[in-house]
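Asker: Structure: data06.cif, mmCIF, N, CA and C atoms.
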data_run
#
loop_
_atom_site.label_atom_id
_atom_site.label_comp_id
_atom_site.auth_asym_id
_atom_site.auth_seq_id
_atom_site.Cartn_x
_atom_site.Cartn_y
_atom_site.Cartn_z
N MET A 1 112.38 81.36 -2.58
CA MET A 1 110.96 81.08 -2.67
C MET A 1 110.55 80.72 -4.08
N GLY A 2 111.50 80.37 -4.90
CA GLY A 2 111.17 80.02 -6.27
C GLY A 2 110.56 78.65 -6.35
N GLY A 3 110.47 78.16 -7.55
CA GLY A 3 109.93 76.84 -7.73
C GLY A 3 108.50 76.88 -8.22
N VAL A 4 108.01 75.69 -8.47
CA VAL A 4 106.66 75.54 -8.99
C VAL A 4 105.68 75.53 -7.82
N PRO A 5 104.62 76.32 -7.89
CA PRO A 5 103.64 76.31 -6.81
C PRO A 5 102.95 74.96 -6.71
N GLU A 6 102.44 74.65 -5.51
CA GLU A 6 101.68 73.43 -5.33
C GLU A 6 100.44 73.49 -6.21
N THR A 7 100.09 72.36 -6.79
CA THR A 7 98.89 72.34 -7.62
C THR A 7 97.66 72.16 -6.75
N HIS A 8 96.54 72.60 -7.26
CA HIS A 8 95.28 72.47 -6.55
C HIS A 8 94.21 72.12 -7.57
N SER A 9 93.44 71.12 -7.26
CA SER A 9 92.33 70.79 -8.16
C SER A 9 91.04 71.04 -7.41
N GLY A 10 90.03 71.37 -8.13
CA GLY A 10 88.75 71.66 -7.51
C GLY A 10 88.56 73.16 -7.32
N TRP A 11 87.48 73.50 -6.71
CA TRP A 11 87.16 74.91 -6.53
C TRP A 11 87.59 75.38 -5.15
N THR A 12 87.66 76.70 -5.00
CA THR A 12 87.98 77.31 -3.72
C THR A 12 87.00 78.44 -3.45
N PHE A 13 86.93 78.88 -2.21
CA PHE A 13 86.01 79.96 -1.86
C PHE A 13 86.53 81.32 -2.30
N LEU A 14 87.82 81.51 -2.27
CA LEU A 14 88.41 82.78 -2.68
C LEU A 14 89.03 82.67 -4.06
N THR A 15 88.80 83.67 -4.87
CA THR A 15 89.42 83.67 -6.19
C THR A 15 90.88 84.08 -6.07
N ASN A 16 91.64 83.77 -7.10
CA ASN A 16 93.03 84.21 -7.14
C ASN A 16 93.11 85.73 -7.17
N HIS A 17 92.13 86.39 -7.79
CA HIS A 17 92.12 87.85 -7.81
C HIS A 17 92.01 88.41 -6.39
N ALA A 18 91.15 87.81 -5.57
CA ALA A 18 91.00 88.26 -4.18
C ALA A 18 92.28 88.00 -3.40
N ARG A 19 92.92 86.86 -3.64
CA ARG A 19 94.16 86.55 -2.94
C ARG A 19 95.27 87.55 -3.29
N VAL A 20 95.39 87.87 -4.57
CA VAL A 20 96.42 88.83 -5.01
C VAL A 20 96.12 90.21 -4.42
N LEU A 21 94.88 90.63 -4.47
CA LEU A 21 94.51 91.93 -3.91
C LEU A 21 94.82 91.99 -2.42
N ALA A 22 94.54 90.93 -1.69
CA ALA A 22 94.84 90.88 -0.25
C ALA A 22 96.34 90.94 0.00
N ALA A 23 97.12 90.28 -0.83
CA ALA A 23 98.59 90.32 -0.68
C ALA A 23 99.10 91.73 -0.90
N ILE A 24 98.56 92.41 -1.88
CA ILE A 24 98.97 93.79 -2.15
C ILE A 24 98.51 94.71 -1.02
N ALA A 25 97.33 94.46 -0.46
CA ALA A 25 96.84 95.27 0.65
C ALA A 25 97.77 95.16 1.86
N ASP A 26 98.37 93.99 2.05
CA ASP A 26 99.31 93.79 3.16
C ASP A 26 100.62 94.53 2.95
N ASP A 27 101.03 94.70 1.71
CA ASP A 27 102.31 95.37 1.40
C ASP A 27 102.22 95.98 0.02
N GLN A 28 102.05 97.29 -0.03
CA GLN A 28 101.87 97.97 -1.31
C GLN A 28 103.14 98.01 -2.16
N ASN A 29 104.25 97.61 -1.58
CA ASN A 29 105.51 97.58 -2.33
C ASN A 29 105.98 96.16 -2.58
N THR A 30 105.11 95.20 -2.40
CA THR A 30 105.48 93.81 -2.56
C THR A 30 105.86 93.50 -4.01
N ARG A 31 106.70 92.50 -4.17
CA ARG A 31 107.13 92.10 -5.50
C ARG A 31 106.21 91.01 -6.04
N ILE A 32 106.10 90.95 -7.35
CA ILE A 32 105.29 89.93 -7.99
C ILE A 32 105.75 88.54 -7.55
N ARG A 33 107.03 88.36 -7.43
CA ARG A 33 107.60 87.08 -6.98
C ARG A 33 107.06 86.70 -5.61
N ASP A 34 106.97 87.68 -4.71
CA ASP A 34 106.49 87.41 -3.36
C ASP A 34 104.98 87.14 -3.34
N ILE A 35 104.23 87.87 -4.17
CA ILE A 35 102.79 87.64 -4.28
C ILE A 35 102.56 86.22 -4.80
N ALA A 36 103.32 85.83 -5.80
CA ALA A 36 103.17 84.50 -6.40
C ALA A 36 103.43 83.42 -5.35
N ALA A 37 104.46 83.59 -4.56
CA ALA A 37 104.78 82.60 -3.53
C ALA A 37 103.68 82.54 -2.47
N ARG A 38 103.22 83.68 -2.04
CA ARG A 38 102.18 83.73 -1.00
C ARG A 38 100.86 83.12 -1.49
N CYS A 39 100.51 83.41 -2.73
CA CYS A 39 99.23 82.95 -3.28
C CYS A 39 99.35 81.59 -3.96
N ARG A 40 100.57 81.08 -4.03
CA ARG A 40 100.84 79.79 -4.69
C ARG A 40 100.39 79.81 -6.15
N LEU A 41 100.82 80.87 -6.83
CA LEU A 41 100.54 81.06 -8.25
C LEU A 41 101.87 81.26 -8.97
N THR A 42 101.84 81.21 -10.27
CA THR A 42 103.04 81.54 -11.03
C THR A 42 103.15 83.06 -11.13
N GLU A 43 104.34 83.54 -11.37
CA GLU A 43 104.54 84.98 -11.53
C GLU A 43 103.74 85.50 -12.72
N ARG A 44 103.67 84.72 -13.78
CA ARG A 44 102.91 85.13 -14.96
C ARG A 44 101.43 85.28 -14.63
N ALA A 45 100.89 84.36 -13.84
CA ALA A 45 99.48 84.44 -13.44
C ALA A 45 99.24 85.70 -12.61
N VAL A 46 100.16 86.02 -11.73
CA VAL A 46 100.03 87.23 -10.91
C VAL A 46 100.07 88.47 -11.79
N GLN A 47 100.97 88.50 -12.76
CA GLN A 47 101.03 89.64 -13.69
C GLN A 47 99.69 89.84 -14.40
N LYS A 48 99.09 88.75 -14.85
CA LYS A 48 97.80 88.81 -15.54
C LYS A 48 96.70 89.31 -14.60
N ILE A 49 96.70 88.82 -13.39
CA ILE A 49 95.69 89.24 -12.41
C ILE A 49 95.84 90.72 -12.09
N ILE A 50 97.07 91.18 -11.90
CA ILE A 50 97.29 92.61 -11.64
C ILE A 50 96.79 93.44 -12.81
N ALA A 51 97.05 93.00 -14.03
CA ALA A 51 96.55 93.71 -15.21
C ALA A 51 95.02 93.75 -15.20
N ASP A 52 94.38 92.64 -14.86
CA ASP A 52 92.92 92.59 -14.76
C ASP A 52 92.42 93.59 -13.72
N LEU A 53 93.06 93.60 -12.56
CA LEU A 53 92.63 94.49 -11.48
C LEU A 53 92.82 95.96 -11.86
N GLU A 54 93.89 96.24 -12.57
CA GLU A 54 94.11 97.63 -13.03
C GLU A 54 93.07 98.01 -14.08
N GLN A 55 92.81 97.12 -15.01
CA GLN A 55 91.84 97.40 -16.05
C GLN A 55 90.44 97.58 -15.46
N GLY A 56 90.12 96.87 -14.39
CA GLY A 56 88.82 96.98 -13.73
C GLY A 56 88.70 98.17 -12.80
N GLY A 57 89.79 98.91 -12.61
CA GLY A 57 89.74 100.10 -11.76
C GLY A 57 89.93 99.82 -10.28
N TYR A 58 90.39 98.63 -9.94
CA TYR A 58 90.58 98.26 -8.54
C TYR A 58 91.97 98.60 -8.02
N LEU A 59 92.88 98.85 -8.93
CA LEU A 59 94.29 98.96 -8.56
C LEU A 59 95.01 99.85 -9.55
N THR A 60 95.97 100.62 -9.06
CA THR A 60 96.89 101.35 -9.93
C THR A 60 98.30 101.11 -9.38
N HIS A 61 99.28 101.40 -10.19
CA HIS A 61 100.64 101.30 -9.69
C HIS A 61 101.48 102.43 -10.26
N THR A 62 102.51 102.78 -9.51
CA THR A 62 103.51 103.74 -9.98
C THR A 62 104.87 103.08 -9.81
N ARG A 63 105.74 103.40 -10.72
CA ARG A 63 107.09 102.84 -10.71
C ARG A 63 107.93 103.63 -9.71
N GLN A 64 108.57 102.94 -8.79
CA GLN A 64 109.47 103.54 -7.80
C GLN A 64 110.85 102.90 -7.97
N GLY A 65 111.65 103.46 -8.87
CA GLY A 65 112.95 102.84 -9.16
C GLY A 65 112.75 101.51 -9.84
N ARG A 66 113.22 100.44 -9.20
CA ARG A 66 113.09 99.10 -9.78
C ARG A 66 111.86 98.36 -9.29
N THR A 67 111.08 98.99 -8.43
CA THR A 67 109.90 98.32 -7.88
C THR A 67 108.64 99.09 -8.23
N ASN A 68 107.51 98.47 -7.97
CA ASN A 68 106.21 99.11 -8.15
C ASN A 68 105.61 99.41 -6.79
N GLU A 69 104.90 100.52 -6.72
CA GLU A 69 104.09 100.81 -5.55
C GLU A 69 102.64 100.76 -6.01
N TYR A 70 101.87 99.89 -5.36
CA TYR A 70 100.48 99.68 -5.75
C TYR A 70 99.57 100.53 -4.90
N HIS A 71 98.47 100.95 -5.48
CA HIS A 71 97.45 101.69 -4.75
C HIS A 71 96.10 101.04 -5.05
N ILE A 72 95.43 100.60 -3.99
CA ILE A 72 94.12 99.97 -4.12
C ILE A 72 93.05 101.05 -4.04
N GLU A 73 92.06 100.95 -4.89
CA GLU A 73 90.92 101.87 -4.88
C GLU A 73 89.85 101.27 -3.95
N PRO A 74 89.84 101.65 -2.67
CA PRO A 74 89.00 100.98 -1.68
C PRO A 74 87.49 101.14 -1.90
N GLY A 75 87.07 102.20 -2.55
CA GLY A 75 85.65 102.43 -2.74
C GLY A 75 85.05 101.72 -3.93
N THR A 76 85.87 101.07 -4.71
CA THR A 76 85.38 100.39 -5.90
C THR A 76 84.50 99.20 -5.48
N GLY A 77 83.35 99.08 -6.13
CA GLY A 77 82.42 98.00 -5.81
C GLY A 77 82.87 96.67 -6.40
N LEU A 78 82.42 95.61 -5.78
CA LEU A 78 82.73 94.28 -6.28
C LEU A 78 81.93 94.01 -7.55
N ARG A 79 82.43 93.15 -8.40
CA ARG A 79 81.89 92.98 -9.75
C ARG A 79 80.59 92.18 -9.84
N HIS A 80 80.41 91.19 -9.02
CA HIS A 80 79.27 90.30 -9.16
C HIS A 80 77.98 90.99 -8.71
N PRO A 81 76.89 90.83 -9.47
CA PRO A 81 75.63 91.48 -9.09
C PRO A 81 75.15 91.10 -7.69
N ALA A 82 75.44 89.90 -7.23
CA ALA A 82 75.03 89.49 -5.89
C ALA A 82 75.79 90.25 -4.80
N ASP A 83 76.91 90.87 -5.17
CA ASP A 83 77.73 91.62 -4.23
C ASP A 83 77.49 93.12 -4.32
N ALA A 84 76.40 93.51 -4.97
CA ALA A 84 76.09 94.94 -5.15
C ALA A 84 76.11 95.65 -3.80
N GLY A 85 76.77 96.78 -3.76
CA GLY A 85 76.87 97.57 -2.54
C GLY A 85 78.08 97.24 -1.69
N LEU A 86 78.76 96.15 -1.99
CA LEU A 86 79.96 95.80 -1.24
C LEU A 86 81.18 96.38 -1.94
N SER A 87 82.12 96.87 -1.15
CA SER A 87 83.31 97.50 -1.73
C SER A 87 84.55 96.65 -1.49
N VAL A 88 85.60 97.01 -2.20
CA VAL A 88 86.90 96.36 -2.01
C VAL A 88 87.35 96.53 -0.56
N ALA A 89 87.12 97.69 0.01
CA ALA A 89 87.52 97.93 1.40
C ALA A 89 86.84 96.93 2.34
N GLY A 90 85.56 96.66 2.12
CA GLY A 90 84.85 95.70 2.94
C GLY A 90 85.41 94.29 2.81
N LEU A 91 85.69 93.89 1.58
CA LEU A 91 86.29 92.58 1.34
C LEU A 91 87.64 92.46 2.04
N LEU A 92 88.48 93.47 1.88
CA LEU A 92 89.81 93.42 2.48
C LEU A 92 89.74 93.44 4.01
N SER A 93 88.75 94.11 4.55
CA SER A 93 88.55 94.13 6.00
C SER A 93 88.23 92.74 6.52
N VAL A 94 87.34 92.05 5.84
CA VAL A 94 86.97 90.69 6.24
C VAL A 94 88.18 89.76 6.14
N LEU A 95 88.95 89.88 5.06
CA LEU A 95 90.13 89.02 4.89
C LEU A 95 91.19 89.32 5.94
N ALA A 96 91.38 90.59 6.29
CA ALA A 96 92.36 90.96 7.32
C ALA A 96 91.93 90.42 8.68
N GLN A 97 90.64 90.49 8.97
CA GLN A 97 90.12 89.95 10.23
C GLN A 97 90.35 88.45 10.29
N HIS A 98 90.10 87.76 9.17
CA HIS A 98 90.32 86.32 9.11
C HIS A 98 91.80 85.99 9.36
N ASP A 99 92.70 86.74 8.73
CA ASP A 99 94.13 86.50 8.91
C ASP A 99 94.54 86.70 10.36
N ALA A 100 94.02 87.74 11.00
CA ALA A 100 94.35 88.02 12.40
C ALA A 100 93.87 86.88 13.30
N GLU A 101 92.65 86.40 13.06
CA GLU A 101 92.12 85.29 13.86
C GLU A 101 92.92 84.02 13.63
N ARG A 102 93.32 83.77 12.38
CA ARG A 102 94.13 82.58 12.07
C ARG A 102 95.48 82.65 12.78
N ASP A 103 96.09 83.83 12.77
CA ASP A 103 97.38 84.00 13.44
C ASP A 103 97.26 83.79 14.94
N THR A 104 96.17 84.28 15.53
CA THR A 104 95.94 84.10 16.96
C THR A 104 95.77 82.63 17.29
N ARG A 105 94.97 81.90 16.49
CA ARG A 105 94.78 80.47 16.72
C ARG A 105 96.10 79.72 16.59
N SER A 106 96.89 80.09 15.59
CA SER A 106 98.18 79.43 15.37
C SER A 106 99.10 79.64 16.57
N GLN A 107 99.13 80.86 17.10
CA GLN A 107 99.96 81.15 18.27
C GLN A 107 99.48 80.38 19.49
N GLN A 108 98.17 80.27 19.65
CA GLN A 108 97.62 79.52 20.78
C GLN A 108 98.00 78.05 20.68
N LEU A 109 97.94 77.48 19.49
CA LEU A 109 98.31 76.08 19.31
C LEU A 109 99.79 75.86 19.59
N GLN A 110 100.63 76.79 19.15
CA GLN A 110 102.06 76.68 19.40
C GLN A 110 102.35 76.75 20.90
N THR A 111 101.68 77.67 21.59
CA THR A 111 101.88 77.83 23.03
C THR A 111 101.43 76.56 23.76
N ALA A 112 100.29 76.02 23.36
CA ALA A 112 99.79 74.79 23.98
C ALA A 112 100.74 73.63 23.74
N SER A 113 101.29 73.56 22.55
CA SER A 113 102.23 72.48 22.22
C SER A 113 103.50 72.58 23.06
N VAL A 114 104.01 73.80 23.22
CA VAL A 114 105.22 74.01 24.02
C VAL A 114 104.93 73.66 25.47
N SER A 115 103.76 74.08 25.98
CA SER A 115 103.39 73.77 27.37
C SER A 115 103.26 72.27 27.58
N GLU A 116 102.67 71.59 26.60
CA GLU A 116 102.49 70.14 26.70
C GLU A 116 103.85 69.44 26.69
N GLN A 117 104.77 69.91 25.87
CA GLN A 117 106.10 69.30 25.81
C GLN A 117 106.83 69.51 27.14
N GLY A 118 106.65 70.70 27.71
CA GLY A 118 107.30 70.99 29.00
C GLY A 118 106.76 70.10 30.11
N SER A 119 105.46 69.87 30.14
CA SER A 119 104.89 69.04 31.19
C SER A 119 105.27 67.57 31.00
N THR A 120 105.46 67.13 29.76
CA THR A 120 105.89 65.77 29.48
C THR A 120 107.34 65.58 29.91
N ALA A 121 108.16 66.60 29.72
CA ALA A 121 109.58 66.51 30.09
C ALA A 121 109.74 66.49 31.61
N ASP A 122 108.79 67.08 32.35
CA ASP A 122 108.88 67.11 33.81
C ASP A 122 108.61 65.76 34.43
N LYS A 123 108.00 64.85 33.69
CA LYS A 123 107.61 63.54 34.25
C LYS A 123 108.74 62.58 34.30
#
Would you kindly transcribe this structure into structure tokens?

Answerer:
Amino acid sequence: MGGVPETHSGWTFLTNHARVLAAIADDQNTRIRDIAARCRLTERAVQKIIADLEQGGYLTHTRQGRTNEYHIEPGTGLRHPADAGLSVAGLLSVLAQHDAERDTRSQQLQTASVSEQGSTADK
């Protein structure tokens, strides 16, 4: 999974910080290399983001042999004043729901494609 991540120009709805936090929420023992691949960032960028999240009180880690185990502080509020009252747990819940819906849609499309191929082969 090495290599240079795909470049992206322009703005996005989710920040890289949110993407990294969501990756860690999915696997608290994930490696920086895997986070970088999933988020399409460099490993150095992920290291910086993790440091930012730790400094902001959103994340801690403990060393487990050669790996890190991350712990997210779910009650920590989001930083922007417009997000007052919203917590990390709420953000991660919305992102997890989105991922589940995306996976369901992807499976439905794959099933439809396989069914369509089968009906074409029958002709």

Asker: To one decimal place in Å, what is the distance between CA of Thr42 in chain A and CA of Arg19 in chain A?

Answerer: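 Spanning CA of Thr42 in chain A to CA of Arg19 in chain A is a straight-line distance of 13.0 Å.
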
Asker: Record the distance separating atom N of Arg44 in chain A and atom C of Asp27 in chain A, expressed in Å with one decimal.

Answerer: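 Atom N of Arg44 in chain A sits 17.9 Å away from atom C of Asp27 in chain A.
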
Asker: Among the residues of chain A, find those DSSP assigns to strand (DSSP E) from the backbone and print them as a PyMOL selection string.

Answerer: chain A and resi 59-64+67-72

Asker: Could you please determine the separation between atom C of Asn29 in chain A and atom C of Thr67 in chain A in Å, to one decimal place?

Answerer: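 Spanning atom C of Asn29 in chain A to atom C of Thr67 in chain A is a straight-line distance of 6.9 Å.
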
Asker: Within 12 Å of Glu73 in chain A, counting only C-alpha atoms, which residues qualify if same-chain residues fewer than 3 places away don't, as a PDB file with N, CA and C atoms, in the coordinates of the input?

Answerer:
ATOM      1  N   LEU A  21      94.880  90.630  -4.470  1.00  0.00           N
ATOM      2  CA  LEU A  21      94.510  91.930  -3.910  1.00  0.00           C
ATOM      3  C   LEU A  21      94.820  91.990  -2.420  1.00  0.00           C
ATOM      4  N   ILE A  24      98.560  92.410  -1.880  1.00  0.00           N
ATOM      5  CA  ILE A  24      98.970  93.790  -2.150  1.00  0.00           C
ATOM      6  C   ILE A  24      98.510  94.710  -1.020  1.00  0.00           C
ATOM      7  N   ALA A  25      97.330  94.460  -0.460  1.00  0.00           N
ATOM      8  CA  ALA A  25      96.840  95.270   0.650  1.00  0.00           C
ATOM      9  C   ALA A  25      97.770  95.160   1.860  1.00  0.00           C
ATOM     10  N   LEU A  53      93.060  93.600 -12.560  1.00  0.00           N
ATOM     11  CA  LEU A  53      92.630  94.490 -11.480  1.00  0.00           C
ATOM     12  C   LEU A  53      92.820  95.960 -11.860  1.00  0.00           C
ATOM     13  N   GLU A  54      93.890  96.240 -12.570  1.00  0.00           N
ATOM     14  CA  GLU A  54      94.110  97.630 -13.030  1.00  0.00           C
ATOM     15  C   GLU A  54      93.070  98.010 -14.080  1.00  0.00           C
ATOM     16  N   GLY A  56      90.120  96.870 -14.390  1.00  0.00           N
ATOM     17  CA  GLY A  56      88.820  96.980 -13.730  1.00  0.00           C
ATOM     18  C   GLY A  56      88.700  98.170 -12.800  1.00  0.00           C
ATOM     19  N   GLY A  57      89.790  98.910 -12.610  1.00  0.00           N
ATOM     20  CA  GLY A  57      89.740 100.100 -11.760  1.00  0.00           C
ATOM     21  C   GLY A  57      89.930  99.820 -10.280  1.00  0.00           C
ATOM     22  N   TYR A  58      90.390  98.630  -9.940  1.00  0.00           N
ATOM     23  CA  TYR A  58      90.580  98.260  -8.540  1.00  0.00           C
ATOM     24  C   TYR A  58      91.970  98.600  -8.020  1.00  0.00           C
ATOM     25  N   LEU A  59      92.880  98.850  -8.930  1.00  0.00           N
ATOM     26  CA  LEU A  59      94.290  98.960  -8.560  1.00  0.00           C
ATOM     27  C   LEU A  59      95.010  99.850  -9.550  1.00  0.00           C
ATOM     28  N   THR A  60      95.970 100.620  -9.060  1.00  0.00           N
ATOM     29  CA  THR A  60      96.890 101.350  -9.930  1.00  0.00           C
ATOM     30  C   THR A  60      98.300 101.110  -9.380  1.00  0.00           C
ATOM     31  N   HIS A  61      99.280 101.400 -10.190  1.00  0.00           N
ATOM     32  CA  HIS A  61     100.640 101.300  -9.690  1.00  0.00           C
ATOM     33  C   HIS A  61     101.480 102.430 -10.260  1.00  0.00           C
ATOM     34  N   TYR A  70     101.870  99.890  -5.360  1.00  0.00           N
ATOM     35  CA  TYR A  70     100.480  99.680  -5.750  1.00  0.00           C
ATOM     36  C   TYR A  70      99.570 100.530  -4.900  1.00  0.00           C
ATOM     37  N   THR A  76      85.870 101.070  -4.710  1.00  0.00           N
ATOM     38  CA  THR A  76      85.380 100.390  -5.900  1.00  0.00           C
ATOM     39  C   THR A  76      84.500  99.200  -5.480  1.00  0.00           C
ATOM     40  N   GLY A  77      83.350  99.080  -6.130  1.00  0.00           N
ATOM     41  CA  GLY A  77      82.420  98.000  -5.810  1.00  0.00           C
ATOM     42  C   GLY A  77      82.870  96.670  -6.400  1.00  0.00           C
ATOM     43  N   LEU A  78      82.420  95.610  -5.780  1.00  0.00           N
ATOM     44  CA  LEU A  78      82.730  94.280  -6.280  1.00  0.00           C
ATOM     45  C   LEU A  78      81.930  94.010  -7.550  1.00  0.00           C
ATOM     46  N   SER A  87      82.120  96.870  -1.150  1.00  0.00           N
ATOM     47  CA  SER A  87      83.310  97.500  -1.730  1.00  0.00           C
ATOM     48  C   SER A  87      84.550  96.650  -1.490  1.00  0.00           C
ATOM     49  N   VAL A  88      85.600  97.010  -2.200  1.00  0.00           N
ATOM     50  CA  VAL A  88      86.900  96.360  -2.010  1.00  0.00           C
ATOM     51  C   VAL A  88      87.350  96.530  -0.560  1.00  0.00           C
ATOM     52  N   ALA A  89      87.120  97.690   0.010  1.00  0.00           N
ATOM     53  CA  ALA A  89      87.520  97.930   1.400  1.00  0.00           C
ATOM     54  C   ALA A  89      86.840  96.930   2.340  1.00  0.00           C
ATOM     55  N   GLY A  90      85.560  96.660   2.120  1.00  0.00           N
ATOM     56  CA  GLY A  90      84.850  95.700   2.940  1.00  0.00           C
ATOM     57  C   GLY A  90      85.410  94.290   2.810  1.00  0.00           C
ATOM     58  N   LEU A  92      88.480  93.470   1.880  1.00  0.00           N
ATOM     59  CA  LEU A  92      89.810  93.420   2.480  1.00  0.00           C
ATOM     60  C   LEU A  92      89.740  93.440   4.010  1.00  0.00           C
TER      61      LEU A  92
END

Asker: Which of these, A:His80, A:Arg38, A:His17, A:Arg31, has the shortest distance to Ile50 in chain A once you count all atoms listed in the file?

Answerer: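 Of A:His80, A:Arg38, A:His17, A:Arg31, the one nearest Ile50 in chain A, counting all atoms listed in the file, is A:His17.
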
Asker: Enumerate, as a VMD selection string, the complete set of residues in chain A that a backbone-based DSSP assignment places in alpha helix (DSSP H).

Answerer: chain A and resid 16 to 26 32 to 39 43 to 55 88 to 121

Asker: With 6 Å added on each side, what axis-aligned box encloses every listed atom of range 81-88 of chain A? Give the centre and edge lengths in Å to one decimal, as JSON.

Answerer:
{"center_x": 81.2, "center_y": 93.5, "center_z": -5.0, "size_x": 24.3, "size_y": 20.1, "size_z": 20.9}

Asker: Which residues are near range 33-35 of chain A? Cut-off 7 Å, only N, CA and C atoms, ignore same chain within fewer than 2 positions. Put them as a PyMOL selection string.

Answerer: chain A and resi 20+23-24+30-31+37-41+43+46

Asker: Nearest to Asn16 in chain A: which of A:Ile49, A:Ser113, A:Arg63, A:Gln108 is it, counting all atoms listed in the file?

Answerer: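 Residue with the minimum atom-to-atom distance to Asn16 in chain A: A:Ile49.
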
Asker: Generate all heavy atoms for range 87-93 of chain A and emit them as a PDB file, in the coordinates of the input.

Answerer:
ATOM      1  N   SER A  87      82.120  96.870  -1.150  1.00  0.00           N
ATOM      2  CA  SER A  87      83.310  97.500  -1.730  1.00  0.00           C
ATOM      3  C   SER A  87      84.550  96.650  -1.490  1.00  0.00           C
ATOM      4  O   SER A  87      84.554  95.726  -0.672  1.00  0.00           O
ATOM      5  CB  SER A  87      83.523  98.876  -1.102  1.00  0.00           C
ATOM      6  OG  SER A  87      83.896  98.728   0.261  1.00  0.00           O
ATOM      7  N   VAL A  88      85.600  97.010  -2.200  1.00  0.00           N
ATOM      8  CA  VAL A  88      86.900  96.360  -2.010  1.00  0.00           C
ATOM      9  C   VAL A  88      87.350  96.530  -0.560  1.00  0.00           C
ATOM     10  O   VAL A  88      87.871  95.585   0.041  1.00  0.00           O
ATOM     11  CB  VAL A  88      87.941  96.961  -2.991  1.00  0.00           C
ATOM     12  CG1 VAL A  88      89.338  96.543  -2.623  1.00  0.00           C
ATOM     13  CG2 VAL A  88      87.618  96.538  -4.412  1.00  0.00           C
ATOM     14  N   ALA A  89      87.120  97.690   0.010  1.00  0.00           N
ATOM     15  CA  ALA A  89      87.520  97.930   1.400  1.00  0.00           C
ATOM     16  C   ALA A  89      86.840  96.930   2.340  1.00  0.00           C
ATOM     17  O   ALA A  89      87.471  96.403   3.265  1.00  0.00           O
ATOM     18  CB  ALA A  89      87.196  99.358   1.816  1.00  0.00           C
ATOM     19  N   GLY A  90      85.560  96.660   2.120  1.00  0.00           N
ATOM     20  CA  GLY A  90      84.850  95.700   2.940  1.00  0.00           C
ATOM     21  C   GLY A  90      85.410  94.290   2.810  1.00  0.00           C
ATOM     22  O   GLY A  90      85.579  93.582   3.802  1.00  0.00           O
ATOM     23  N   LEU A  91      85.690  93.890   1.580  1.00  0.00           N
ATOM     24  CA  LEU A  91      86.290  92.580   1.340  1.00  0.00           C
ATOM     25  C   LEU A  91      87.640  92.460   2.040  1.00  0.00           C
ATOM     26  O   LEU A  91      87.902  91.482   2.741  1.00  0.00           O
ATOM     27  CB  LEU A  91      86.461  92.333  -0.159  1.00  0.00           C
ATOM     28  CG  LEU A  91      87.253  91.087  -0.546  1.00  0.00           C
ATOM     29  CD1 LEU A  91      86.517  89.820  -0.124  1.00  0.00           C
ATOM     30  CD2 LEU A  91      87.542  91.082  -2.035  1.00  0.00           C
ATOM     31  N   LEU A  92      88.480  93.470   1.880  1.00  0.00           N
ATOM     32  CA  LEU A  92      89.810  93.420   2.480  1.00  0.00           C
ATOM     33  C   LEU A  92      89.740  93.440   4.010  1.00  0.00           C
ATOM     34  O   LEU A  92      90.544  92.796   4.681  1.00  0.00           O
ATOM     35  CB  LEU A  92      90.672  94.579   1.964  1.00  0.00           C
ATOM     36  CG  LEU A  92      91.034  94.484   0.481  1.00  0.00           C
ATOM     37  CD1 LEU A  92      91.752  95.751   0.032  1.00  0.00           C
ATOM     38  CD2 LEU A  92      91.857  93.245   0.185  1.00  0.00           C
ATOM     39  N   SER A  93      88.750  94.110   4.550  1.00  0.00           N
ATOM     40  CA  SER A  93      88.550  94.130   6.000  1.00  0.00           C
ATOM     41  C   SER A  93      88.230  92.740   6.520  1.00  0.00           C
ATOM     42  O   SER A  93      88.779  92.294   7.531  1.00  0.00           O
ATOM     43  CB  SER A  93      87.441  95.122   6.350  1.00  0.00           C
ATOM     44  OG  SER A  93      87.151  95.068   7.722  1.00  0.00           O
TER      45      SER A  93
END
